[in-house]
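The structure under discussion appears below in the form of structure tokens.
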Amino acid sequence: MPLSFFLVMIRTMEKLVMIRTMKKPALQKKLLFVIFFLFLIPLSSFADSLGEERTFFLDSSFDAEGRDNLLAVLERENEHLYFYIDSEWWRDLSAKERSEINSALDTLGDVFNSQIYPTLVGTFGSEWKPGIDGDNKITVLLHPMRKGIKGYFRIADEYFKFQVPRSNEREMVYLSSDYITDSRMKSYLAHEFQHLITFNQKERKYGFSPQTWFQEVFSEYAPTLAGLNTPYEGSYLQERVELFLRNPSDSLTEWRGEASDYGVLSLFVHYLAEHYGIEVLVNTLSNSRDGITAFNEALEKAGFDKDFGQVFNDWAVAVLANDCSLGPEFCYQDKNLSKIKIVPSLHLLPFVKFSNLQIEDSIKDWSVKWYRLIGGRGDLKLTFKGTKGINFSLAYLACKVSGGCSLSQVPLTEEGEGIISLPHFDEDYTFLALILSSQERQSNFSNPESSHFFTIEVSVGRQELTVQKLLAEIEKLKAEIAKLQAVLNEILRKKVFSCQIEKDLYFGMKDSQVECLQEFLKSQGPEIYPEGLVTGYFGPLTRKAVIRFQEKYKDEILSPWGLSKGTGFVGETTRAKINRILSSISS
């Protein structure tokens, strides 16, 4: 019979005794003592002992063989931990391999007892203790996992089986057996143990399950807090930095469980802790809020005048420039992170008198896109256009030939537009870097995030000279267009149309009558039908051309119907006007 059964029975019997003996406190105490004594014996029989085997439920999506349960043997235990190992995997090891693993587990247990447990509990508070199983010790289950998976935590284990049937009813974490002898295993254990603390301090205390990315924030900082990233080479933190540099534009809040999710989150939380202090993290975990709201409350409580979004924007500059001369908030002081610089998307402007560049892209909330522009001759003008109503943030770093860079925020209109102007870009600047983020969604990150589209248009050239030349060219083109129009009108006057519009025409039709309509509209010039396509299909371009024609002759076509705007439907009065014009041309 599972331990949970006895725990539930104790609580049930306690309530029953309180009801039955409400007026007899002495009897109540005696009955409670008897019940406690009776259950004490079976409960103690369920204590874990070295060498015993137990069946555990797993997350099949993480197990190397896709199993949802396994038999595991208790191989090691200490003050705080039970180390269970997959029995099947353990039996296949040689005596030498088992000895090496046991030695590694002893070391891992010592580090947990001396560093990990006291540091994390002393900072963030305790895990649920004695917990759902009434045992102060934490169970660590080692089993083979899919490639790249180092460990995981199942919140299901923190509930009774009658609530979650596949619960192991323990304070428990899972580690990959592939990494038992890896020096980073202690960091993986710290990461997963922090999930137990976060569960107790947030979900059990306030009754809600925090967003996934939010839970991972504290676990990503746990190894550093416990002093496990020294030396840096080969450390957990170095691993996270490499993940970040591979995909720095990954969303901070959209959690897909991919490697890049951990990279960006780790770099951000290390920045936040360095610049705003560990107390902000502690207060974020201990308050009754979730996600961004929890961070904002903790920042305000600590006396900072910046909110989460502003901190995020500063971080976006720091990982690009990592330059304290721009301001202390735009760099890392940590020697292991002080040299980090992401590589922005590079765009080269041609070295000609006038050049243009257009970037069309999309971005998810709480992610960053970085662009670097070099080249060109003359003055630079950049126009940003984002989706209306989306909370974009755009800043730029302009670095001068003479040395030094300046950081500026681009004010955006309600329409989502902003402009950057840099005179003499080719002479005064070495490059322009753009830092763009989107901060529209503030919560409910469990749903897939949508992308927000934007365009960036860049022109570089000598504007004063170019405008003069363009005006002159425009006048020449106007004269040529007038000549061509006169020739075209003469041709149209002489052209004989053999068709007439004999029936109503409308969007979606395709036949010879539509072809006749298109020929006619084309003959009316580019102001009516600029595309001039004759396909026989009544599509959106034809419909727009009909509307222009109707509104040109609205007195004859629309007014009889009390209309002022074209409809795009070729009905009675529209057909009549078209046929009159066709007849006059033919004659």
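Ordering of the structure tokens sets the chain letters (A, B, ...); residue numbers start at 1 within each chain; ligands are numbered from 1 in the order shown.
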Practice task
Could you give me, as a count of residues only, the residues within 9 Å of range 404-407 of chain A, counting only C-alpha atoms and dropping anything in the same chain fewer than 3 positions from it?
Solution key: 10
Practice task
May I ask for the distance between CA of Gly389 in chain A and CA of Gln439 in chain A, given in Å to one decimal place?
Solution key: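 So the answer is 11.3 Å.
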Exercise for the section: For range 338-355 of chain A, please output as number ranges by chain all residues within 6 Å (counting only C-alpha atoms; exclusion window: fewer than 5 positions along the same chain). Expected result: A: 319-320, 332-333, 370-377, 459-461
Exercise for the section: Can you work out which one of A:Ser443, A:Ser235, A:Gln211, A:Asn322 has the shortest atom-to-atom distance to Asp334 in chain A, counting only C-alpha atoms? Expected result: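 So, comparing all the options, the nearest one is A:Asn322.
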Pull the closest atom pair for each residue of range 521-575 of chain A that gets at most 8 Å from range 513-517 of chain A, along with the distance in Å to one decimal, counting only C-alpha atoms, ordering rows by chain and then ascending residue number, as CSV.
```
residue,atom,partner,partner_atom,distance
A:Leu521,CA,A:Leu517,CA,6.2
A:Val534,CA,A:Glu515,CA,5.9
A:Thr535,CA,A:Glu515,CA,6.2
A:Gly536,CA,A:Glu515,CA,4.1
A:Tyr537,CA,A:Val514,CA,6.3
A:Phe538,CA,A:Val514,CA,6.2
```
Could the residues in this selection be saved with C-alpha atoms as a PDB file, in the first residue's frame?
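out-v3.pdb written:
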```pdb
ATOM      1  CA  LEU A 521     -10.527  49.370 -69.524  1.00  0.00           C
ATOM      2  CA  VAL A 534      -6.100  41.052 -70.496  1.00  0.00           C
ATOM      3  CA  THR A 535      -6.614  37.567 -69.091  1.00  0.00           C
ATOM      4  CA  GLY A 536     -10.350  36.950 -69.322  1.00  0.00           C
ATOM      5  CA  TYR A 537     -10.510  36.564 -65.529  1.00  0.00           C
ATOM      6  CA  PHE A 538     -12.390  39.151 -63.449  1.00  0.00           C
TER       7      PHE A 538
END
```
Practice task
Using CA of Ser523 in chain A and CA of Phe549 in chain A as the two end points, give the distance in Å to one decimal.
Solution key: 11.5 Å
Handout entry: Shell around Thr284 in chain A at 6 Å using only C-alpha atoms, local window under 5 positions removed, as a PyMOL selection string
Key = chain A and resi 294-295+298
Compile a residue-level contact table for range 269-328 of chain A against range 223-227 of chain A at a cut-off of 12 Å, reporting for every qualifying residue the shortest atom pair and its distance in Å to one decimal, with only C-alpha atoms counted, rows ordered by chain and ascending number, as a Markdown table.
```
| residue | atom | partner | partner_atom | distance |
| --- | --- | --- | --- | --- |
| A:Val269 | CA | A:Thr224 | CA | 10.7 |
| A:His270 | CA | A:Thr224 | CA | 8.6 |
| A:Ala273 | CA | A:Leu225 | CA | 9.9 |
| A:Glu274 | CA | A:Leu225 | CA | 11.3 |
| A:Gly277 | CA | A:Leu225 | CA | 11.7 |
| A:Ile278 | CA | A:Leu225 | CA | 9.0 |
| A:Leu281 | CA | A:Leu225 | CA | 11.3 |
| A:Val282 | CA | A:Leu225 | CA | 11.8 |
```
Selected residues written out, N, CA and C atoms, as a PDB file, in the first residue's frame:
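Okay, this is what ended up in result_5.pdb:
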```
ATOM      1  N   VAL A 269      19.444  36.301 -16.964  1.00  0.00           N
ATOM      2  CA  VAL A 269      19.342  36.286 -15.501  1.00  0.00           C
ATOM      3  C   VAL A 269      20.681  36.617 -14.856  1.00  0.00           C
ATOM      4  N   HIS A 270      21.785  36.249 -15.503  1.00  0.00           N
ATOM      5  CA  HIS A 270      23.096  36.629 -14.965  1.00  0.00           C
ATOM      6  C   HIS A 270      23.293  38.145 -15.048  1.00  0.00           C
ATOM      7  N   ALA A 273      20.963  39.680 -12.241  1.00  0.00           N
ATOM      8  CA  ALA A 273      21.502  39.503 -10.892  1.00  0.00           C
ATOM      9  C   ALA A 273      22.721  40.386 -10.664  1.00  0.00           C
ATOM     10  N   GLU A 274      23.561  40.543 -11.696  1.00  0.00           N
ATOM     11  CA  GLU A 274      24.780  41.349 -11.547  1.00  0.00           C
ATOM     12  C   GLU A 274      24.446  42.821 -11.357  1.00  0.00           C
ATOM     13  N   GLY A 277      21.142  42.868  -8.316  1.00  0.00           N
ATOM     14  CA  GLY A 277      21.338  42.179  -7.057  1.00  0.00           C
ATOM     15  C   GLY A 277      20.503  40.918  -6.903  1.00  0.00           C
ATOM     16  N   ILE A 278      21.031  39.990  -6.131  1.00  0.00           N
ATOM     17  CA  ILE A 278      20.351  38.716  -5.907  1.00  0.00           C
ATOM     18  C   ILE A 278      19.040  38.923  -5.162  1.00  0.00           C
ATOM     19  N   LEU A 281      16.028  38.821  -7.360  1.00  0.00           N
ATOM     20  CA  LEU A 281      15.601  37.462  -7.685  1.00  0.00           C
ATOM     21  C   LEU A 281      14.855  36.835  -6.507  1.00  0.00           C
ATOM     22  N   VAL A 282      15.387  37.023  -5.308  1.00  0.00           N
ATOM     23  CA  VAL A 282      14.747  36.466  -4.116  1.00  0.00           C
ATOM     24  C   VAL A 282      13.341  37.024  -3.953  1.00  0.00           C
TER      25      VAL A 282
END
```
Practice task
From range 98-273 of chain A, collect each residue whose DSSP state is strand (DSSP E) and return the set as a list in words.
Solution key: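 Matching residues for strand (DSSP E) in range 98-273 of chain A are Ile138, Thr139, Val140, Leu141, Leu142, His143, Gly151, Tyr152, Met172, Val173, Tyr174, Leu175 and Ser176 of chain A.
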Practice task
Compile the contact shell of Lys565 in chain A as a ChimeraX atom specification: residues with an atom at most 12 Å away, counting only C-alpha atoms, same-chain residues fewer than 6 positions apart removed.
Solution key: /A:544,546-555,557-559
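Of the listed residues (A:Asp504, A:Asp182, A:Asp379, A:Asp261), A:Asp261 comes nearest to Ser367 in chain A; the distances count only C-alpha atoms.
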Handout entry: Expected answer as a PyMOL selection string: helix (DSSP H, G or I) residues in range 138-291 of chain A
Key = chain A and resi 155-158+177-179+185-206+212-225+236-246+259-276+278-286+291
Practice task
To one decimal in Å, tell me the separation between CA of Tyr174 in chain A and CA of Gly151 in chain A.
Solution key: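 That distance, rounded to one decimal, is 5.3 Å.
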Handout entry: Counting only C-alpha atoms, the residue of A:Tyr159, A:His143, A:Ser99, A:Asp92 that sits nearest Ala72 in chain A
Key =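 Comparing A:Tyr159, A:His143, A:Ser99, A:Asp92 against Ala72 in chain A, the winner is A:His143.
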Problem - Using only C-alpha atoms: which of A:Glu239, A:Glu220, A:Leu105, A:Glu192 has the shortest distance to Gly148 in chain A - result: A:Glu239
Handout entry: Best match for closeness to Leu58 in chain A among A:Pro144, A:Gly234, A:Gly566, A:Gly508, counting only C-alpha atoms
Key = A:Pro144
